[in-house]
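Below is one structure, written out as structure tokens; the observations come after it.
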Amino acid sequence: MVSAKVFRPPACNKYQPKAPEEEFFVANSIIAEDQTIEGNIASGEGSVEIKGKVIGSVTAQSIIIHVSGSIDGALSAKSTVIDGRYKGKLKCDDLRLSSTATIQADITAQTMTVENGAEIEGNVQITGKH
């Protein structure tokens with residue numbers, strides 16, 4: 001008769017899923033080319049991409065206005081990229097304007113990059129990184 005011992009590992013911590021309040025999900029919003037939004041858009045931690053038209057203010061961590069997009073209202077974000085049209089008051093940390101951008105705005109930014117061909121009308125204040 002052969003006797004064998006069965007090895008049983010010591011109890012270990014089993015995987016425990018995070019409670020719903022601990023999960024982190026960042027929503028990204030896209031306004032399609034065929035959409036027009038009249039009203040304000042706010043995304044606390046996410047990004048907003050504008051391919052259509054927004055009449056109202058937009059606040060987000062990141063805002064991208066595509067070539068087909070336009071916004072008429074205030075913008076506030078950490079990062080803003082404009083390829084389309086913008087009219088209003090803009091405040092952000094990092095601003096990038098492509099050659100297709102058309103801007104009529106008062107701009108306050110820490111840094112700003114402008115490609116040749118971008119059109120800017122308004123006041124521009126670059127504060128530098130703090």
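Every chain in the structure tokens has a letter given in the order shown (A, B, ...), and although residue numbers restart at 1 in each chain, ligands are simply numbered from 1 in the order shown.
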
Practice task
Would you return as a count of residues only the members of stretch 38-91 of chain A that DSSP assigns to strand (DSSP E or B) on this structure's backbone?
Solution key: 40

Exercise for the section: May I have the residues within 8 Å of A:Gly44 as a ChimeraX atom specification, using only C-alpha atoms and disregarding those fewer than 5 positions away in the same chain? Expected result: /A:59-61

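Among the candidate residues A:Gly56, A:Thr36, A:Ser43, A:Ser98, the one lying nearest to A:Gly69 is A:Thr36, with distances computed using only C-alpha atoms.
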
Problem - Neighbour list for stretch 74-84 of chain A as a PyMOL selection string, cut-off 10 Å, only C-alpha atoms, skip fewer than 3 positions in-chain - result: chain A and resi 40-44+47-52+55-71+87-103+105-114+118

With C-alpha atoms kept, could you save the residues just selected as a JSON list (two decimals), in the first residue's frame?
```json
[["chain", "number", "residue", "atom", "x", "y", "z"],
["A", 40, "ASN", "CA", -23.50, 73.88, -21.97],
["A", 41, "ILE", "CA", -21.36, 70.74, -21.89],
["A", 42, "ALA", "CA", -19.36, 69.75, -18.80],
["A", 43, "SER", "CA", -17.14, 66.69, -18.42],
["A", 44, "GLY", "CA", -15.24, 66.76, -15.14],
["A", 47, "SER", "CA", -12.61, 64.70, -22.97],
["A", 48, "VAL", "CA", -14.99, 66.28, -25.44],
["A", 49, "GLU", "CA", -14.53, 66.05, -29.20],
["A", 50, "ILE", "CA", -16.52, 68.43, -31.37],
["A", 51, "LYS", "CA", -17.15, 67.43, -34.97],
["A", 52, "GLY", "CA", -20.50, 69.22, -35.18],
["A", 55, "ILE", "CA", -23.62, 76.93, -29.05],
["A", 56, "GLY", "CA", -22.75, 77.20, -25.37],
["A", 57, "SER", "CA", -19.83, 76.70, -23.02],
["A", 58, "VAL", "CA", -17.69, 73.56, -22.88],
["A", 59, "THR", "CA", -15.67, 72.47, -19.83],
["A", 60, "ALA", "CA", -13.53, 69.31, -19.78],
["A", 61, "GLN", "CA", -10.04, 67.98, -19.14],
["A", 62, "SER", "CA", -9.43, 67.87, -22.89],
["A", 63, "ILE", "CA", -11.30, 69.55, -25.77],
["A", 64, "ILE", "CA", -10.74, 68.87, -29.45],
["A", 65, "ILE", "CA", -12.52, 70.88, -32.14],
["A", 66, "HIS", "CA", -12.16, 69.00, -35.42],
["A", 67, "VAL", "CA", -12.00, 70.68, -38.85],
["A", 68, "SER", "CA", -15.76, 70.20, -39.29],
["A", 69, "GLY", "CA", -16.50, 71.42, -35.75],
["A", 70, "SER", "CA", -17.37, 74.80, -34.30],
["A", 71, "ILE", "CA", -18.07, 76.24, -30.87],
["A", 87, "LYS", "CA", -15.68, 82.07, -31.09],
["A", 88, "GLY", "CA", -15.76, 83.08, -27.43],
["A", 89, "LYS", "CA", -13.50, 83.17, -24.39],
["A", 90, "LEU", "CA", -10.92, 80.42, -24.00],
["A", 91, "LYS", "CA", -8.94, 79.46, -20.88],
["A", 92, "CYS", "CA", -6.63, 76.44, -20.83],
["A", 93, "ASP", "CA", -3.19, 75.17, -19.82],
["A", 94, "ASP", "CA", -2.04, 73.89, -23.22],
["A", 95, "LEU", "CA", -3.47, 75.28, -26.49],
["A", 96, "ARG", "CA", -2.69, 73.96, -29.96],
["A", 97, "LEU", "CA", -4.04, 75.65, -33.09],
["A", 98, "SER", "CA", -3.69, 73.86, -36.41],
["A", 99, "SER", "CA", -3.34, 75.52, -39.80],
["A", 100, "THR", "CA", -7.11, 75.14, -40.37],
["A", 101, "ALA", "CA", -8.15, 76.87, -37.12],
["A", 102, "THR", "CA", -10.21, 80.07, -37.26],
["A", 103, "ILE", "CA", -10.43, 81.82, -33.87],
["A", 105, "ALA", "CA", -11.60, 84.88, -28.99],
["A", 106, "ASP", "CA", -9.93, 86.24, -25.92],
["A", 107, "ILE", "CA", -7.37, 83.56, -25.08],
["A", 108, "THR", "CA", -5.59, 82.85, -21.79],
["A", 109, "ALA", "CA", -3.22, 79.88, -21.83],
["A", 110, "GLN", "CA", -0.03, 78.71, -20.16],
["A", 111, "THR", "CA", 1.43, 77.47, -23.46],
["A", 112, "MET", "CA", 0.30, 77.92, -27.05],
["A", 113, "THR", "CA", 1.42, 76.29, -30.30],
["A", 114, "VAL", "CA", 0.21, 77.79, -33.57],
["A", 118, "ALA", "CA", -4.19, 79.55, -38.35]]
```
